file protein_38.csv (CSV, C-alpha atoms)
chain,number,residue,atom,x,y,z
A,1,MET,CA,93.7,107.5,116.1
A,2,ALA,CA,91.6,108.4,113.1
A,3,ALA,CA,90.5,105.8,110.6
A,4,LYS,CA,92.1,105.9,107.2
A,5,LYS,CA,91.5,104.5,103.8
A,6,THR,CA,94.0,103.0,101.3
A,7,SER,CA,93.7,101.4,98.0
A,8,ALA,CA,95.7,99.0,95.8
A,9,LYS,CA,97.2,101.9,94.0
A,10,THR,CA,99.2,102.8,97.1
A,11,ALA,CA,100.1,99.2,98.0
A,12,PRO,CA,103.8,98.3,97.9
A,13,SER,CA,105.1,96.2,95.1
A,14,ASN,CA,108.4,95.3,96.6
A,15,VAL,CA,107.8,91.6,96.9
A,16,SER,CA,110.2,88.9,95.7
A,17,PRO,CA,109.4,86.7,92.7
A,18,GLU,CA,109.3,83.8,95.2
A,19,GLU,CA,106.6,85.5,97.2
A,20,LEU,CA,104.6,86.3,94.1
A,21,LYS,CA,104.8,82.6,93.1
A,22,ALA,CA,103.7,81.6,96.6
A,23,PHE,CA,100.7,83.9,96.4
A,24,TYR,CA,99.8,82.5,93.0
A,25,ARG,CA,100.1,79.0,94.2
A,26,ASP,CA,98.2,79.5,97.4
A,27,MET,CA,95.3,81.3,95.8
A,28,LEU,CA,95.1,78.8,93.0
A,29,LEU,CA,95.0,76.0,95.5
A,30,ILE,CA,92.0,77.6,97.2
A,31,ARG,CA,90.3,78.2,93.8
A,32,ARG,CA,90.7,74.7,92.5
A,33,PHE,CA,89.8,73.1,95.8
A,34,GLU,CA,86.6,75.1,96.0
A,35,GLU,CA,85.7,74.2,92.4
A,36,LYS,CA,86.3,70.5,93.3
A,37,ALA,CA,84.1,70.9,96.4
A,38,GLY,CA,81.4,72.3,94.2
A,39,GLN,CA,81.6,69.3,91.9
A,40,LEU,CA,81.4,66.9,94.9
A,41,TYR,CA,78.4,68.8,96.2
A,42,GLY,CA,76.7,68.4,92.9
A,43,MET,CA,77.4,64.7,93.0
A,44,GLY,CA,75.7,64.4,96.4
A,45,LEU,CA,78.9,63.6,98.2
A,46,ILE,CA,78.7,66.8,100.4
A,47,GLY,CA,75.6,67.2,102.5
A,48,GLY,CA,74.2,70.2,104.3
A,49,PHE,CA,75.5,73.7,103.6
A,50,CYS,CA,78.6,74.5,101.6
A,51,HIS,CA,79.8,78.1,101.1
A,52,LEU,CA,82.5,78.5,98.5
A,53,TYR,CA,85.3,81.1,98.7
A,54,ILE,CA,85.8,81.5,94.9
A,55,GLY,CA,86.8,85.1,94.1
A,56,GLN,CA,87.9,86.0,97.7
A,57,GLU,CA,91.3,84.2,97.7
A,58,ALA,CA,93.5,87.3,97.9
A,59,VAL,CA,92.0,88.2,101.3
A,60,VAL,CA,93.2,85.3,103.4
A,61,VAL,CA,96.4,84.7,101.4
A,62,GLY,CA,97.4,88.4,101.9
A,63,LEU,CA,96.6,88.3,105.6
A,64,GLU,CA,98.4,85.0,106.2
A,65,ALA,CA,101.5,86.6,104.6
A,66,ALA,CA,101.8,88.8,107.7
A,67,ALA,CA,101.1,86.0,110.3
A,68,LYS,CA,103.7,84.2,112.4
A,69,GLU,CA,103.6,81.0,114.4
A,70,GLY,CA,101.3,81.4,117.4
A,71,ASP,CA,98.9,83.8,115.7
A,72,LYS,CA,95.3,82.6,115.7
A,73,ARG,CA,92.4,82.8,113.2
A,74,ILE,CA,88.7,82.3,113.5
A,75,THR,CA,86.0,82.8,110.9
A,76,SER,CA,82.4,82.1,109.8
A,77,TYR,CA,81.0,79.4,107.6
A,78,ARG,CA,82.8,80.4,104.4
A,79,ASP,CA,86.0,78.9,105.8
A,80,HIS,CA,87.7,76.4,103.5
A,81,GLY,CA,90.0,79.0,102.1
A,82,HIS,CA,91.1,80.1,105.5
A,83,MET,CA,91.9,76.5,106.4
A,84,LEU,CA,94.1,75.9,103.3
A,85,ALA,CA,95.8,79.3,103.7
A,86,CYS,CA,97.0,78.6,107.2
A,87,GLY,CA,98.4,75.2,106.2
A,88,MET,CA,95.7,72.7,107.0
A,89,ASP,CA,95.9,69.5,105.0
A,90,PRO,CA,93.6,69.5,101.9
A,91,ASN,CA,92.9,65.8,102.4
A,92,GLY,CA,91.5,66.4,105.9
A,93,VAL,CA,89.5,69.4,104.9
A,94,MET,CA,87.9,67.5,101.9
A,95,ALA,CA,87.2,64.5,104.0
A,96,GLU,CA,85.4,66.6,106.6
A,97,LEU,CA,83.3,68.2,103.9
A,98,THR,CA,82.2,64.8,102.8
A,99,GLY,CA,81.5,63.6,106.3
A,100,ARG,CA,84.3,61.0,106.5
A,101,GLU,CA,86.4,59.7,109.3
A,102,GLY,CA,89.6,61.2,107.9
A,103,GLY,CA,88.2,64.7,108.3
A,104,TYR,CA,89.4,67.3,110.8
A,105,SER,CA,86.3,66.7,113.0
A,106,LYS,CA,86.1,63.0,112.2
A,107,GLY,CA,83.3,63.6,109.8
A,108,LYS,CA,81.0,65.1,112.4
A,109,GLY,CA,81.4,68.8,111.7
A,110,GLY,CA,81.1,69.2,107.9
A,111,SER,CA,81.7,72.4,106.0
A,112,MET,CA,81.2,74.9,108.8
A,113,HIS,CA,82.7,73.2,111.9
A,114,MET,CA,86.3,72.0,111.7
A,115,PHE,CA,89.2,73.1,113.7
A,116,SER,CA,93.0,72.6,114.0
A,117,LYS,CA,94.8,73.3,117.3
A,118,GLU,CA,98.1,72.6,115.4
A,119,LYS,CA,97.5,75.4,112.9
A,120,HIS,CA,95.7,77.7,115.5
A,121,PHE,CA,92.5,77.6,113.5
A,122,TYR,CA,89.5,77.9,115.7
A,123,GLY,CA,86.6,77.4,113.2
A,124,GLY,CA,84.3,77.8,111.1
A,125,HIS,CA,81.1,79.0,112.9
A,126,GLY,CA,77.6,78.7,111.5
A,127,ILE,CA,75.9,81.4,113.6
A,128,VAL,CA,76.3,84.8,111.9
A,129,ALA,CA,78.8,87.0,113.9
A,130,ALA,CA,79.1,84.5,116.8
A,131,GLN,CA,82.8,84.1,116.1
A,132,VAL,CA,83.6,87.8,116.6
A,133,PRO,CA,83.4,87.8,120.5
A,134,LEU,CA,85.2,84.4,120.4
A,135,GLY,CA,88.0,86.0,118.5
A,136,ALA,CA,88.2,88.8,121.0
A,137,GLY,CA,88.4,86.1,123.7
A,138,LEU,CA,91.3,84.4,121.9
A,139,ALA,CA,93.1,87.7,121.8
A,140,PHE,CA,92.4,88.2,125.5
A,141,ALA,CA,94.2,84.9,126.2
A,142,ASP,CA,97.3,86.1,124.4
A,143,LYS,CA,97.1,89.5,126.2
A,144,TYR,CA,96.8,87.6,129.5
A,145,LYS,CA,99.8,85.4,128.7
A,146,GLY,CA,101.9,88.4,127.8
A,147,ASN,CA,103.0,87.3,124.3
A,148,ASP,CA,102.9,89.2,121.1
A,149,ASN,CA,100.5,86.9,119.1
A,150,VAL,CA,97.5,88.4,117.3
A,151,THR,CA,94.1,87.0,116.4
A,152,PHE,CA,92.6,87.4,112.9
A,153,THR,CA,88.8,87.5,113.5
A,154,TYR,CA,87.0,87.3,110.2
A,155,PHE,CA,83.4,88.2,109.5
A,156,GLY,CA,81.3,89.5,106.6
A,157,ASP,CA,79.5,92.7,105.7
A,158,GLY,CA,76.2,91.2,106.7
A,159,ALA,CA,77.6,90.1,110.1
A,160,ALA,CA,78.9,93.6,110.6
A,161,ASN,CA,75.3,94.6,111.4
A,162,GLN,CA,75.0,92.2,114.4
A,163,GLY,CA,75.1,93.7,117.9
A,164,GLN,CA,77.7,91.3,119.4
A,165,VAL,CA,80.2,92.8,116.9
A,166,TYR,CA,80.1,96.1,118.7
A,167,GLU,CA,80.1,94.6,122.1
A,168,ALA,CA,83.3,92.8,121.1
A,169,PHE,CA,84.7,96.1,119.6
A,170,ASN,CA,84.1,97.8,123.0
A,171,MET,CA,85.8,95.2,125.1
A,172,ALA,CA,88.7,94.8,122.7
A,173,ALA,CA,89.3,98.6,122.7
A,174,LEU,CA,88.9,98.9,126.5
A,175,TRP,CA,91.4,96.1,127.1
A,176,LYS,CA,93.6,96.9,124.1
A,177,LEU,CA,93.3,93.3,122.8
A,178,PRO,CA,95.6,92.2,119.9
A,179,CYS,CA,92.7,91.5,117.7
A,180,ILE,CA,92.5,92.3,114.0
A,181,PHE,CA,88.8,92.5,113.0
A,182,VAL,CA,88.7,91.5,109.3
A,183,ILE,CA,85.5,92.5,107.5
A,184,GLU,CA,85.3,90.4,104.3
A,185,ASN,CA,83.0,92.7,102.4
A,186,ASN,CA,82.0,90.7,99.4
A,187,GLN,CA,79.2,93.2,98.6
A,188,TYR,CA,76.3,90.8,99.4
A,189,ALA,CA,74.9,89.7,102.8
A,190,MET,CA,73.3,86.5,101.5
A,191,GLY,CA,71.2,88.1,98.7
A,192,THR,CA,71.0,91.7,99.9
A,193,SER,CA,73.6,94.2,98.6
A,194,GLN,CA,75.6,96.2,101.1
A,195,GLN,CA,74.0,99.4,99.8
A,196,ARG,CA,70.6,98.2,100.8
A,197,SER,CA,71.5,96.8,104.2
A,198,THR,CA,74.2,99.1,105.7
A,199,SER,CA,73.6,102.7,106.6
A,200,SER,CA,77.3,103.7,106.5
A,201,ALA,CA,79.2,103.5,103.2
A,202,GLU,CA,82.5,102.5,104.9
A,203,ILE,CA,82.0,99.8,107.5
A,204,TYR,CA,85.4,100.1,109.0
A,205,GLU,CA,84.6,103.7,110.1
A,206,ARG,CA,82.3,102.3,112.8
A,207,GLY,CA,85.4,101.5,114.8
A,208,MET,CA,86.0,105.2,115.3
A,209,ALA,CA,83.2,105.3,118.0
A,210,PHE,CA,85.4,102.9,120.1
A,211,GLY,CA,88.7,104.5,119.2
A,212,ILE,CA,89.7,101.6,116.9
A,213,PRO,CA,91.7,102.6,113.8
A,214,GLY,CA,91.1,100.9,110.5
A,215,GLU,CA,91.1,101.1,106.8
A,216,ALA,CA,89.4,99.9,103.6
A,217,VAL,CA,91.5,97.7,101.3
A,218,ASP,CA,91.1,96.4,97.8
A,219,GLY,CA,90.5,92.8,98.5
A,220,MET,CA,91.1,91.7,94.9
A,221,ASP,CA,94.7,92.8,95.1
A,222,VAL,CA,96.8,90.4,97.3
A,223,LEU,CA,99.7,92.9,97.5
A,224,ALA,CA,97.3,95.6,98.9
A,225,VAL,CA,95.9,93.1,101.4
A,226,LYS,CA,99.5,92.1,102.5
A,227,ALA,CA,100.5,95.7,103.0
A,228,ALA,CA,97.4,96.5,105.1
A,229,SER,CA,97.8,93.4,107.1
A,230,GLU,CA,101.4,94.3,108.0
A,231,THR,CA,100.2,97.6,109.3
A,232,ALA,CA,97.4,96.0,111.3
A,233,VAL,CA,99.7,93.3,112.7
A,234,ALA,CA,102.4,95.8,113.7
A,235,HIS,CA,99.7,97.9,115.5
A,236,CYS,CA,98.5,94.9,117.5
A,237,ARG,CA,101.9,93.4,118.3
A,238,SER,CA,103.0,96.8,119.7
A,239,GLY,CA,100.3,96.7,122.4
A,240,GLU,CA,98.2,99.5,120.8
A,241,GLY,CA,95.0,97.4,120.8
A,242,PRO,CA,92.7,96.2,118.0
A,243,TYR,CA,92.6,97.2,114.3
A,244,ILE,CA,89.9,96.9,111.7
A,245,LEU,CA,90.4,95.9,108.1
A,246,GLU,CA,87.5,96.2,105.8
A,247,ILE,CA,88.6,94.2,102.8
A,248,LYS,CA,86.4,94.8,99.8
A,249,THR,CA,86.2,91.6,97.8
A,250,TYR,CA,83.7,89.8,95.7
A,251,ARG,CA,82.4,86.2,95.6
A,252,TYR,CA,81.7,84.7,92.2
A,253,ARG,CA,79.3,82.0,93.4
A,254,GLY,CA,76.1,82.3,95.4
A,255,HIS,CA,75.9,82.7,99.1
A,256,SER,CA,75.9,78.9,99.4
A,257,MET,CA,75.6,76.1,96.9
A,258,SER,CA,71.8,76.3,97.2
A,259,ASP,CA,71.7,80.0,96.2
A,260,PRO,CA,70.7,80.7,92.5
A,261,ALA,CA,72.1,84.3,93.0
A,262,LYS,CA,69.3,85.9,91.0
A,263,TYR,CA,69.8,89.2,92.9
A,264,ARG,CA,72.7,90.1,90.5
A,265,THR,CA,73.3,89.8,86.8
A,266,ARG,CA,75.7,87.4,85.1
A,267,GLU,CA,77.2,90.5,83.4
A,268,GLU,CA,78.2,92.0,86.8
A,269,VAL,CA,79.9,88.8,87.9
A,270,GLN,CA,81.7,88.4,84.6
A,271,LYS,CA,82.9,92.0,84.6
A,272,VAL,CA,84.7,91.4,88.0
A,273,ARG,CA,86.1,88.1,86.7
A,274,ASP,CA,87.5,89.8,83.5
A,275,GLU,CA,88.8,93.0,85.1
A,276,ARG,CA,89.7,92.2,88.8
A,277,ASP,CA,90.3,88.6,89.3
A,278,PRO,CA,93.0,88.3,92.0
A,279,ILE,CA,94.7,85.2,90.6
A,280,GLU,CA,94.9,86.6,87.1
A,281,ALA,CA,96.4,89.8,88.5
A,282,VAL,CA,99.3,87.9,90.1
A,283,ARG,CA,99.7,85.8,87.0
A,284,THR,CA,100.1,88.9,84.9
A,285,LEU,CA,102.6,90.3,87.3
A,286,LEU,CA,104.7,87.2,87.1
A,287,LEU,CA,104.7,87.0,83.3
A,288,THR,CA,105.1,90.7,82.6
A,289,GLY,CA,107.9,91.0,85.2
A,290,LYS,CA,109.6,87.9,83.8
A,291,HIS,CA,109.5,86.3,87.2
A,292,ALA,CA,107.9,83.2,85.7
A,293,THR,CA,107.2,81.7,82.3
A,294,GLU,CA,104.1,80.0,81.0
A,295,VAL,CA,105.9,76.7,81.5
A,296,ASP,CA,106.5,77.6,85.2
A,297,LEU,CA,102.9,78.5,85.8
A,298,LYS,CA,101.6,75.4,84.0
A,299,ALA,CA,103.8,73.3,86.3
A,300,ILE,CA,102.2,75.0,89.3
A,301,ASP,CA,98.8,74.4,87.9
A,302,LYS,CA,99.5,70.7,87.4
A,303,GLU,CA,100.8,70.4,90.9
A,304,ILE,CA,97.7,72.0,92.4
A,305,LYS,CA,95.4,69.9,90.3
A,306,GLY,CA,97.2,66.8,91.6
A,307,ILE,CA,96.8,67.9,95.2
A,308,VAL,CA,93.1,68.7,94.8
A,309,ASN,CA,92.4,65.4,93.0
A,310,GLU,CA,94.2,63.5,95.7
A,311,SER,CA,92.1,65.2,98.4
A,312,ALA,CA,88.9,64.2,96.6
A,313,GLU,CA,90.1,60.6,96.3
A,314,PHE,CA,91.2,60.5,99.9
A,315,ALA,CA,87.7,61.7,100.9
A,316,LYS,CA,85.9,59.1,98.8
A,317,GLU,CA,88.1,56.3,100.1
A,318,SER,CA,87.9,57.4,103.8
A,319,PRO,CA,85.2,55.5,105.7
A,320,GLU,CA,82.2,57.1,107.2
A,321,PRO,CA,82.5,57.6,111.0
A,322,HIS,CA,81.4,54.6,113.1
A,323,LEU,CA,78.2,55.1,115.1
A,324,ASP,CA,80.2,55.1,118.3
A,325,GLU,CA,81.6,58.5,117.3
A,326,LEU,CA,78.2,59.9,118.3
A,327,TRP,CA,79.4,59.6,121.9
A,328,THR,CA,82.9,61.0,121.6
A,329,ASP,CA,84.2,64.5,122.0
A,330,ILE,CA,81.1,65.5,124.0
A,331,TYR,CA,82.9,66.4,127.2
A,332,ALA,CA,86.4,67.7,127.7
A,333,GLU,CA,88.6,65.8,130.2
A,334,LEU,CA,90.4,68.3,132.4
A,335,GLU,CA,93.8,67.6,133.8
A,336,ALA,CA,94.1,67.3,137.5

call {"tool": "encode", "arguments": {"input": "protein_38.csv", "output": "structure tokens"}}
result
Amino acid sequence: MAAKKTSAKTAPSNVSPEELKAFYRDMLLIRRFEEKAGQLYGMGLIGGFCHLYIGQEAVVVGLEAAAKEGDKRITSYRDHGHMLACGMDPNGVMAELTGREGGYSKGKGGSMHMFSKEKHFYGGHGIVAAQVPLGAGLAFADKYKGNDNVTFTYFGDGAANQGQVYEAFNMAALWKLPCIFVIENNQYAMGTSQQRSTSSAEIYERGMAFGIPGEAVDGMDVLAVKAASETAVAHCRSGEGPYILEIKTYRYRGHSMSDPAKYRTREEVQKVRDERDPIEAVRTLLLTGKHATEVDLKAIDKEIKGIVNESAEFAKESPEPHLDELWTDIYAELEA
């Protein structure tokens, strides 16, 4: 099957007012949570690396709209948004960011390394592109079990230049694994623009060499992402093998909290904020379509602020892990 390209202009708009409100709420939760995480980092309450998802919210919210119970997801270090979108508790996520006992990895994993078996979230991985073959492995497990679950394997435009990505493509195509390879193309691999680091203009087209279909999607439009994800999910669930989504998005902050982002202008970032912000786009749809009033949206905003503030307080009040935790979770106990 040949690769194809779609844009937000062709994305369906037949979503209910309830779905639109849910998209708005979910994206706003990620935005406000990440802003709060940035504040806590500046206060010295978050150590190590911290990569924020601000600007990319429509990607994971649109993809999760097509997921069902049992589907898996795995991603890289810019992972807080993925955790929140799949239903992980903001309190546990923030506590892990601050290295506290109440965190998902008991305070030992930090920003990049937390997991949830309950929500089928398999990390957060700090090594660039290392999660891609792991995602193919998760999809292999479902293929082996004979169910119709899919795995969302996220990686960035920079990671797309790593060799293990194409080894994973080859095996996924060969075994027809139900794996959706999601390239979150936020235009910059750390501080290098895609144009300077990638020989092919459309990264998704690289799947054609392996017979993997794919498409490019406007990642600033949650409805376009939802439509493309439904196509990808249907393809994988039907046993046709993997699918590639190159979702073209944009991050407003630096690569990590320690990145001054001098490789691009403030005007460039502001232009995207003013013209293409994914949350404002849904807000406009809700208001102009009379699906919600300003009062309704203010109530959602207030609810989200309460959840985020609660997560910060929970993290601050949660104790640091006891030294004995250094010796736990090192070996897995296998059942007889």

call {"tool": "closest_residue", "arguments": {"input": "protein_38.csv", "among": "A:Leu286, A:Ser193, A:Arg206, A:Gln131", "to": "Tyr77 of chain A", "atoms": "all atoms listed in the file"}}
result
A:Gln131

call {"tool": "closest_residue", "arguments": {"input": "protein_38.csv", "among": "A:Thr231, A:Ser258, A:Asn161, A:Gln56", "to": "Glu184 of chain A", "atoms": "all atoms listed in the file"}}
result
A:Gln56

call {"tool": "atom_distance", "arguments": {"input": "protein_38.csv", "atom1": "atom CA of Thr284 of chain A", "atom2": "atom CA of Glu215 of chain A"}}
result
26.6 Å

call {"tool": "axis_aligned_box", "arguments": {"input": "protein_38.csv", "around": "segment 279-289 of chain A", "padding_each_side": "4 Å", "output": "AutoDock Vina command-line options"}}
result
--center_x 101.3 --center_y 88.1 --center_z 86.6 --size_x 21.2 --size_y 13.8 --size_z 16.0

call {"tool": "closest_atom_pairs", "arguments": {"input": "protein_38.csv", "of": "segment 144-234 of chain A", "to": "segment 265-279 of chain A", "cutoff": "10 Å", "atoms": "all atoms listed in the file", "output": "JSON lines"}}
result
{"residue": "A:Gly219", "atom": "CA", "partner": "A:Pro278", "partner_atom": "CA", "distance": 8.3}
{"residue": "A:Met220", "atom": "CA", "partner": "A:Pro278", "partner_atom": "CA", "distance": 4.9}
{"residue": "A:Asp221", "atom": "CA", "partner": "A:Pro278", "partner_atom": "CA", "distance": 5.7}
{"residue": "A:Val222", "atom": "CA", "partner": "A:Pro278", "partner_atom": "CA", "distance": 6.9}
{"residue": "A:Leu223", "atom": "CA", "partner": "A:Pro278", "partner_atom": "CA", "distance": 9.8}

call {"tool": "closest_residue", "arguments": {"input": "protein_38.csv", "among": "A:Val295, A:Leu285, A:Ala315, A:Ala67", "to": "Gly92 of chain A", "atoms": "all atoms listed in the file"}}
result
A:Ala315

call {"tool": "atom_distance", "arguments": {"input": "protein_38.csv", "atom1": "atom CA of Val128 of chain A", "atom2": "atom CA of Trp175 of chain A"}}
result
24.2 Å

call {"tool": "atom_distance", "arguments": {"input": "protein_38.csv", "atom1": "atom CA of Asp148 of chain A", "atom2": "atom CA of His120 of chain A"}}
result
14.7 Å

call {"tool": "closest_residue", "arguments": {"input": "protein_38.csv", "among": "A:Gly239, A:Gly123, A:Gly254, A:Gly156", "to": "Gly38 of chain A", "atoms": "only C-alpha atoms"}}
result
A:Gly254

call {"tool": "residues_around", "arguments": {"input": "protein_38.csv", "residues": "Asp157 of chain A", "least_positions_apart": "3", "cutoff": "7 Å", "atoms": "only C-alpha atoms", "output": "PyMOL selection string"}}
result
chain A and resi 160+183-185+189+194

call {"tool": "residues_around", "arguments": {"input": "protein_38.csv", "residues": "Ile212 of chain A", "least_positions_apart": "4", "cutoff": "12 Å", "atoms": "all atoms listed in the file", "output": "JSON, numbers by chain"}}
result
{"A": [1, 2, 3, 4, 166, 168, 169, 170, 171, 172, 173, 174, 175, 176, 177, 178, 179, 180, 181, 204, 205, 206, 207, 208, 232, 235, 236, 240, 241, 242, 243, 244, 245]}

call {"tool": "residues_around", "arguments": {"input": "protein_38.csv", "residues": "Arg32 of chain A", "least_positions_apart": "6", "cutoff": "10 Å", "atoms": "only C-alpha atoms", "output": "list in words"}}
result
Gly38, Ile54, Asp301, Ile304, Lys305, Ile307, Val308 and Asn309 of chain A

call {"tool": "write_last_selection", "arguments": {"input": "protein_38.csv", "atoms": "C-alpha atoms", "output": "JSON list (two decimals), in the frame of the given file"}}
result
[["chain", "number", "residue", "atom", "x", "y", "z"],
["A", 38, "GLY", "CA", 81.40, 72.30, 94.20],
["A", 54, "ILE", "CA", 85.80, 81.50, 94.90],
["A", 301, "ASP", "CA", 98.80, 74.40, 87.90],
["A", 304, "ILE", "CA", 97.70, 72.00, 92.40],
["A", 305, "LYS", "CA", 95.40, 69.90, 90.30],
["A", 307, "ILE", "CA", 96.80, 67.90, 95.20],
["A", 308, "VAL", "CA", 93.10, 68.70, 94.80],
["A", 309, "ASN", "CA", 92.40, 65.40, 93.00]]

call {"tool": "residues_around", "arguments": {"input": "protein_38.csv", "residues": "Gly103 of chain A", "least_positions_apart": "4", "cutoff": "12 Å", "atoms": "only C-alpha atoms", "output": "ChimeraX atom specification"}}
result
/A:88-99,107-111,113-116,311-312,314-321

call {"tool": "closest_residue", "arguments": {"input": "protein_38.csv", "among": "A:Gly70, A:Thr293, A:Gly158, A:Tyr252", "to": "Gln195 of chain A", "atoms": "only C-alpha atoms"}}
result
A:Gly158

call {"tool": "residues_around", "arguments": {"input": "protein_38.csv", "residues": "Val15 of chain A", "least_positions_apart": "5", "cutoff": "12 Å", "atoms": "only C-alpha atoms", "output": "list in words"}}
result
Leu20, Lys21, Ala22, Phe23, Gly62, Ala65, Val222, Leu223, Ala224, Lys226, Ala227, Val282, Leu285, Leu286, Gly289 and His291 of chain A

call {"tool": "residues_near_point", "arguments": {"input": "protein_38.csv", "point": "(90.4, 77.9, 106.8)", "cutoff": "9 Å", "atoms": "all atoms listed in the file", "output": "JSON, numbers by chain"}}
result
{"A": [60, 73, 74, 75, 78, 79, 80, 81, 82, 83, 84, 85, 86, 87, 88, 93, 114, 115, 121, 122, 123, 124]}

call {"tool": "write_last_selection", "arguments": {"input": "protein_38.csv", "atoms": "C-alpha atoms", "output": "compact mmCIF listing (two decimals), keeping the file's coordinate frame"}}
result
# COMPACT_ATOMS: atom_id res chain seq x y z
CA VAL A 60 93.20 85.30 103.40
CA ARG A 73 92.40 82.80 113.20
CA ILE A 74 88.70 82.30 113.50
CA THR A 75 86.00 82.80 110.90
CA ARG A 78 82.80 80.40 104.40
CA ASP A 79 86.00 78.90 105.80
CA HIS A 80 87.70 76.40 103.50
CA GLY A 81 90.00 79.00 102.10
CA HIS A 82 91.10 80.10 105.50
CA MET A 83 91.90 76.50 106.40
CA LEU A 84 94.10 75.90 103.30
CA ALA A 85 95.80 79.30 103.70
CA CYS A 86 97.00 78.60 107.20
CA GLY A 87 98.40 75.20 106.20
CA MET A 88 95.70 72.70 107.00
CA VAL A 93 89.50 69.40 104.90
CA MET A 114 86.30 72.00 111.70
CA PHE A 115 89.20 73.10 113.70
CA PHE A 121 92.50 77.60 113.50
CA TYR A 122 89.50 77.90 115.70
CA GLY A 123 86.60 77.40 113.20
CA GLY A 124 84.30 77.80 111.10
